[in-house]
Amino acid sequence: MEYINLGKIINTRGLKGELKLLSFSDFVSERYQKGSKIYFYNEELDLRESFTVSKYTVSGDFIYLQVLEIQDVETAKKYKDFLVQFPTEALPKLDGDHYYYYELINCEVSFEDGEKIGLVLAVENYGAQAILRVQGSEKQYLIPFVASYLVKVDIEQKRIIIKRIEGLL
């Protein structure tokens, strides 16, 4: 099973085991519905545990999350710095030209004439549009992920073809 990172546990709040998360995800209300299964993952230990959402609140970029399995602050502290994950198979299918960011990671980016640019390392979003961080052979490029630049996106083949636009790279 594959997972998408929804956020990171950065602290606790209160004495009843509430967790403070830095959110990496949109669709908070869909991901943290009462009764939803989520996973806490520690990369260093390669440890993943399943939890059931009890309730959540949002404050700016932070989410305060309560899960049924954690009822006290001492237990909650054990999960500090864990990633909060959601199984990709449970994500709804997107329409047409919409993609989950995780689907774009490791896609090969090239111009329509076949010249390779590099691989997508990350997808960043600063509000206006998504930006692909692409690792070329010698340096990284930031490429706007907008329809006017795209020729083709093939998630199955892990390929993104873009138009050659003056000054883009």
# chains A, B, ... in the order shown; residues from 1 in each chain; ligands from 1
$ residues_around --residues "A:Ser25" --least-positions-apart "6" --cutoff "12 Å" --atoms "only C-alpha atoms" --output "PDB file with N, CA and C atoms, in the first residue's frame"
ATOM      1  N   ILE A   4       0.168   8.933   1.247  1.00  0.00           N
ATOM      2  CA  ILE A   4       0.452  10.338   0.979  1.00  0.00           C
ATOM      3  C   ILE A   4       0.609  11.033   2.335  1.00  0.00           C
ATOM      4  N   ASN A   5       1.585  11.934   2.425  1.00  0.00           N
ATOM      5  CA  ASN A   5       1.810  12.668   3.671  1.00  0.00           C
ATOM      6  C   ASN A   5       0.818  13.817   3.779  1.00  0.00           C
ATOM      7  N   LEU A   6       0.071  13.837   4.876  1.00  0.00           N
ATOM      8  CA  LEU A   6      -0.900  14.902   5.125  1.00  0.00           C
ATOM      9  C   LEU A   6      -0.318  16.005   5.991  1.00  0.00           C
ATOM     10  N   GLY A   7       0.682  15.664   6.800  1.00  0.00           N
ATOM     11  CA  GLY A   7       1.258  16.638   7.709  1.00  0.00           C
ATOM     12  C   GLY A   7       2.285  15.993   8.609  1.00  0.00           C
ATOM     13  N   LYS A   8       2.725  16.771   9.585  1.00  0.00           N
ATOM     14  CA  LYS A   8       3.727  16.297  10.538  1.00  0.00           C
ATOM     15  C   LYS A   8       3.301  16.714  11.941  1.00  0.00           C
ATOM     16  N   ARG A  31     -10.053  14.629   4.862  1.00  0.00           N
ATOM     17  CA  ARG A  31      -9.011  13.726   5.377  1.00  0.00           C
ATOM     18  C   ARG A  31      -9.198  13.386   6.856  1.00  0.00           C
ATOM     19  N   TYR A  32      -9.767  14.337   7.618  1.00  0.00           N
ATOM     20  CA  TYR A  32      -9.847  14.161   9.068  1.00  0.00           C
ATOM     21  C   TYR A  32     -11.278  13.998   9.569  1.00  0.00           C
ATOM     22  N   ASP A  61      -2.227  27.376   9.620  1.00  0.00           N
ATOM     23  CA  ASP A  61      -1.609  26.222   8.962  1.00  0.00           C
ATOM     24  C   ASP A  61      -1.589  24.986   9.855  1.00  0.00           C
ATOM     25  N   PHE A  62      -2.120  25.099  11.048  1.00  0.00           N
ATOM     26  CA  PHE A  62      -2.037  24.002  12.006  1.00  0.00           C
ATOM     27  C   PHE A  62      -3.378  23.299  12.171  1.00  0.00           C
ATOM     28  N   ILE A  63      -3.292  22.014  12.450  1.00  0.00           N
ATOM     29  CA  ILE A  63      -4.464  21.203  12.749  1.00  0.00           C
ATOM     30  C   ILE A  63      -4.254  20.626  14.138  1.00  0.00           C
ATOM     31  N   VAL A  84       1.980  12.269   9.378  1.00  0.00           N
ATOM     32  CA  VAL A  84       0.596  11.805   9.353  1.00  0.00           C
ATOM     33  C   VAL A  84       0.297  11.441   7.905  1.00  0.00           C
ATOM     34  N   GLN A  85      -0.158  10.209   7.692  1.00  0.00           N
ATOM     35  CA  GLN A  85      -0.341   9.710   6.333  1.00  0.00           C
ATOM     36  C   GLN A  85      -1.757   9.189   6.103  1.00  0.00           C
ATOM     37  N   PHE A  86      -2.078   9.095   4.817  1.00  0.00           N
ATOM     38  CA  PHE A  86      -3.377   8.623   4.366  1.00  0.00           C
ATOM     39  C   PHE A  86      -3.109   7.671   3.204  1.00  0.00           C
ATOM     40  N   TYR A 100      -2.860  14.594  -8.227  1.00  0.00           N
ATOM     41  CA  TYR A 100      -2.321  14.717  -6.883  1.00  0.00           C
ATOM     42  C   TYR A 100      -0.835  14.993  -7.016  1.00  0.00           C
ATOM     43  N   TYR A 101      -0.313  15.814  -6.129  1.00  0.00           N
ATOM     44  CA  TYR A 101       1.111  16.162  -6.196  1.00  0.00           C
ATOM     45  C   TYR A 101       2.001  14.933  -6.146  1.00  0.00           C
ATOM     46  N   TYR A 102       1.654  13.964  -5.309  1.00  0.00           N
ATOM     47  CA  TYR A 102       2.509  12.776  -5.198  1.00  0.00           C
ATOM     48  C   TYR A 102       2.624  12.037  -6.532  1.00  0.00           C
ATOM     49  N   GLU A 124       5.620  22.327  -5.251  1.00  0.00           N
ATOM     50  CA  GLU A 124       5.441  23.365  -4.239  1.00  0.00           C
ATOM     51  C   GLU A 124       4.297  24.266  -4.664  1.00  0.00           C
ATOM     52  N   ASN A 125       3.619  24.832  -3.695  1.00  0.00           N
ATOM     53  CA  ASN A 125       2.507  25.714  -4.014  1.00  0.00           C
ATOM     54  C   ASN A 125       2.560  26.915  -3.088  1.00  0.00           C
TER      55      ASN A 125
END
$ residues_around --residues "stretch 90-99 of chain A" --least-positions-apart "5" --cutoff "10 Å" --atoms "only C-alpha atoms" --output "MDAnalysis selection string"
chainID A and resid 3:4 30:31 37 104 147 152:153 155
$ residues_around --residues "stretch 111-118 of chain A" --least-positions-apart "6" --cutoff "7 Å" --atoms "only C-alpha atoms" --output "count of residues only"
8
$ select_by_dssp --residues "chain A" --states "strand (DSSP E)" --output "PyMOL selection string"
chain A and resi 3-13+18-23+37-42+47-59+62-67+83-87+108-111+116-125+130-135+140-144+150-154+159-162
$ residues_around --residues "stretch 42-54 of chain A" --least-positions-apart "6" --cutoff "9 Å" --atoms "only C-alpha atoms" --output "short mmCIF file (atom, residue, chain, number, x, y, z; two decimals) with N, CA and C atoms, in the first residue's frame"
data_model
loop_
_atom_site.label_atom_id
_atom_site.label_comp_id
_atom_site.auth_asym_id
_atom_site.auth_seq_id
_atom_site.Cartn_x
_atom_site.Cartn_y
_atom_site.Cartn_z
N TYR A 32 -9.77 14.34 7.62
CA TYR A 32 -9.85 14.16 9.07
C TYR A 32 -11.28 14.00 9.57
N GLN A 33 -12.15 13.42 8.76
CA GLN A 33 -13.52 13.17 9.20
C GLN A 33 -13.52 12.22 10.39
N LYS A 34 -14.44 12.44 11.29
CA LYS A 34 -14.57 11.55 12.45
C LYS A 34 -14.73 10.12 11.95
N GLY A 35 -13.92 9.23 12.51
CA GLY A 35 -13.97 7.82 12.12
C GLY A 35 -12.99 7.44 11.02
N SER A 36 -12.37 8.45 10.37
CA SER A 36 -11.39 8.16 9.31
C SER A 36 -10.16 7.48 9.88
N LEU A 65 -5.49 17.68 16.36
CA LEU A 65 -6.11 16.39 16.09
C LEU A 65 -6.19 15.53 17.35
N GLN A 66 -7.36 14.94 17.53
CA GLN A 66 -7.55 13.96 18.61
C GLN A 66 -7.87 12.63 17.94
N VAL A 67 -7.18 11.57 18.36
CA VAL A 67 -7.47 10.23 17.85
C VAL A 67 -7.94 9.36 19.02
N LEU A 68 -8.77 8.37 18.71
CA LEU A 68 -9.35 7.52 19.76
C LEU A 68 -8.30 6.78 20.57
N GLU A 69 -7.21 6.41 19.92
CA GLU A 69 -6.21 5.55 20.56
C GLU A 69 -5.26 6.29 21.50
N ILE A 70 -5.29 7.62 21.50
CA ILE A 70 -4.40 8.40 22.38
C ILE A 70 -5.27 9.25 23.30
N TYR A 79 4.69 10.53 19.70
CA TYR A 79 4.49 10.63 18.25
C TYR A 79 4.98 11.95 17.66
N ASP A 81 7.10 14.48 15.78
CA ASP A 81 7.93 14.35 14.57
C ASP A 81 7.52 13.20 13.65
N PHE A 82 6.45 12.47 13.98
CA PHE A 82 5.93 11.46 13.06
C PHE A 82 5.20 12.18 11.92
N LEU A 83 5.20 11.58 10.74
CA LEU A 83 4.38 12.05 9.63
C LEU A 83 2.97 11.50 9.79
#
$ closest_residue --among "A:Ser110, A:Gln129, A:Gln140, A:Asn11" --to "A:Lys158" --atoms "only C-alpha atoms"
A:Ser110
$ residues_around --residues "A:Lys80" --least-positions-apart "4" --cutoff "9 Å" --atoms "only C-alpha atoms" --output "ChimeraX atom specification"
/A:8-12,19-20,76
$ write_last_selection --atoms "C-alpha atoms" --output "short mmCIF file (atom, residue, chain, number, x, y, z; two decimals), in the first residue's frame"
data_model
loop_
_atom_site.label_atom_id
_atom_site.label_comp_id
_atom_site.auth_asym_id
_atom_site.auth_seq_id
_atom_site.Cartn_x
_atom_site.Cartn_y
_atom_site.Cartn_z
CA LYS A 8 3.73 16.30 10.54
CA ILE A 9 3.12 16.09 14.28
CA ILE A 10 5.04 19.02 15.77
CA ASN A 11 3.72 19.16 19.31
CA THR A 12 0.93 18.29 21.72
CA LEU A 19 -1.74 16.54 18.65
CA LYS A 20 -0.60 19.71 16.87
CA ALA A 76 0.87 11.81 22.48
#
$ decode --residues "stretch 133-155 of chain A" --atoms "N, CA and C atoms" --output "mmCIF file, in the first residue's frame"
data_model
loop_
_atom_site.group_PDB
_atom_site.id
_atom_site.type_symbol
_atom_site.label_atom_id
_atom_site.label_comp_id
_atom_site.auth_asym_id
_atom_site.auth_seq_id
_atom_site.Cartn_x
_atom_site.Cartn_y
_atom_site.Cartn_z
ATOM 1 N N ARG A 133 9.546 21.417 -8.858
ATOM 2 C CA ARG A 133 10.988 21.528 -8.597
ATOM 3 C C ARG A 133 11.619 20.349 -9.328
ATOM 4 N N VAL A 134 12.374 20.673 -10.399
ATOM 5 C CA VAL A 134 12.916 19.654 -11.292
ATOM 6 C C VAL A 134 14.434 19.617 -11.170
ATOM 7 N N GLN A 135 14.979 18.415 -10.949
ATOM 8 C CA GLN A 135 16.432 18.239 -10.870
ATOM 9 C C GLN A 135 16.956 17.896 -12.252
ATOM 10 N N GLY A 136 17.721 18.837 -12.830
ATOM 11 C CA GLY A 136 18.382 18.593 -14.102
ATOM 12 C C GLY A 136 19.733 17.950 -13.866
ATOM 13 N N SER A 137 20.508 17.768 -14.925
ATOM 14 C CA SER A 137 21.811 17.114 -14.780
ATOM 15 C C SER A 137 22.798 17.966 -13.996
ATOM 16 N N GLU A 138 22.638 19.292 -14.043
ATOM 17 C CA GLU A 138 23.588 20.164 -13.353
ATOM 18 C C GLU A 138 22.953 21.086 -12.320
ATOM 19 N N LYS A 139 21.662 21.354 -12.446
ATOM 20 C CA LYS A 139 21.017 22.251 -11.486
ATOM 21 C C LYS A 139 19.522 21.964 -11.403
ATOM 22 N N GLN A 140 18.874 22.650 -10.464
ATOM 23 C CA GLN A 140 17.432 22.507 -10.299
ATOM 24 C C GLN A 140 16.710 23.643 -11.010
ATOM 25 N N TYR A 141 15.502 23.337 -11.468
ATOM 26 C CA TYR A 141 14.657 24.318 -12.138
ATOM 27 C C TYR A 141 13.312 24.381 -11.426
ATOM 28 N N LEU A 142 12.715 25.560 -11.423
ATOM 29 C CA LEU A 142 11.352 25.743 -10.932
ATOM 30 C C LEU A 142 10.477 26.026 -12.140
ATOM 31 N N ILE A 143 9.529 25.142 -12.392
ATOM 32 C CA ILE A 143 8.695 25.241 -13.588
ATOM 33 C C ILE A 143 7.231 25.323 -13.165
ATOM 34 N N PRO A 144 6.537 26.403 -13.541
ATOM 35 C CA PRO A 144 5.111 26.506 -13.205
ATOM 36 C C PRO A 144 4.321 25.353 -13.833
ATOM 37 N N PHE A 145 3.480 24.730 -13.045
ATOM 38 C CA PHE A 145 2.643 23.635 -13.525
ATOM 39 C C PHE A 145 1.289 24.225 -13.907
ATOM 40 N N VAL A 146 1.270 24.865 -15.073
ATOM 41 C CA VAL A 146 0.067 25.539 -15.563
ATOM 42 C C VAL A 146 -0.244 25.044 -16.971
ATOM 43 N N ALA A 147 -1.513 25.015 -17.308
ATOM 44 C CA ALA A 147 -1.970 24.462 -18.582
ATOM 45 C C ALA A 147 -1.297 25.108 -19.784
ATOM 46 N N SER A 148 -1.026 26.412 -19.718
ATOM 47 C CA SER A 148 -0.439 27.099 -20.872
ATOM 48 C C SER A 148 0.987 26.642 -21.173
ATOM 49 N N TYR A 149 1.669 25.995 -20.216
ATOM 50 C CA TYR A 149 3.030 25.486 -20.427
ATOM 51 C C TYR A 149 3.043 23.999 -20.773
ATOM 52 N N LEU A 150 1.966 23.303 -20.471
ATOM 53 C CA LEU A 150 1.936 21.848 -20.604
ATOM 54 C C LEU A 150 1.499 21.402 -21.987
ATOM 55 N N VAL A 151 2.178 20.378 -22.494
ATOM 56 C CA VAL A 151 1.766 19.714 -23.721
ATOM 57 C C VAL A 151 1.043 18.418 -23.361
ATOM 58 N N LYS A 152 1.672 17.645 -22.452
ATOM 59 C CA LYS A 152 1.096 16.355 -22.076
ATOM 60 C C LYS A 152 1.591 15.946 -20.692
ATOM 61 N N VAL A 153 0.695 15.374 -19.915
ATOM 62 C CA VAL A 153 1.054 14.772 -18.633
ATOM 63 C C VAL A 153 0.587 13.323 -18.699
ATOM 64 N N ASP A 154 1.536 12.397 -18.566
ATOM 65 C CA ASP A 154 1.234 10.970 -18.621
ATOM 66 C C ASP A 154 1.686 10.339 -17.307
ATOM 67 N N ILE A 155 0.761 10.221 -16.382
ATOM 68 C CA ILE A 155 1.079 9.689 -15.055
ATOM 69 C C ILE A 155 1.506 8.226 -15.146
#
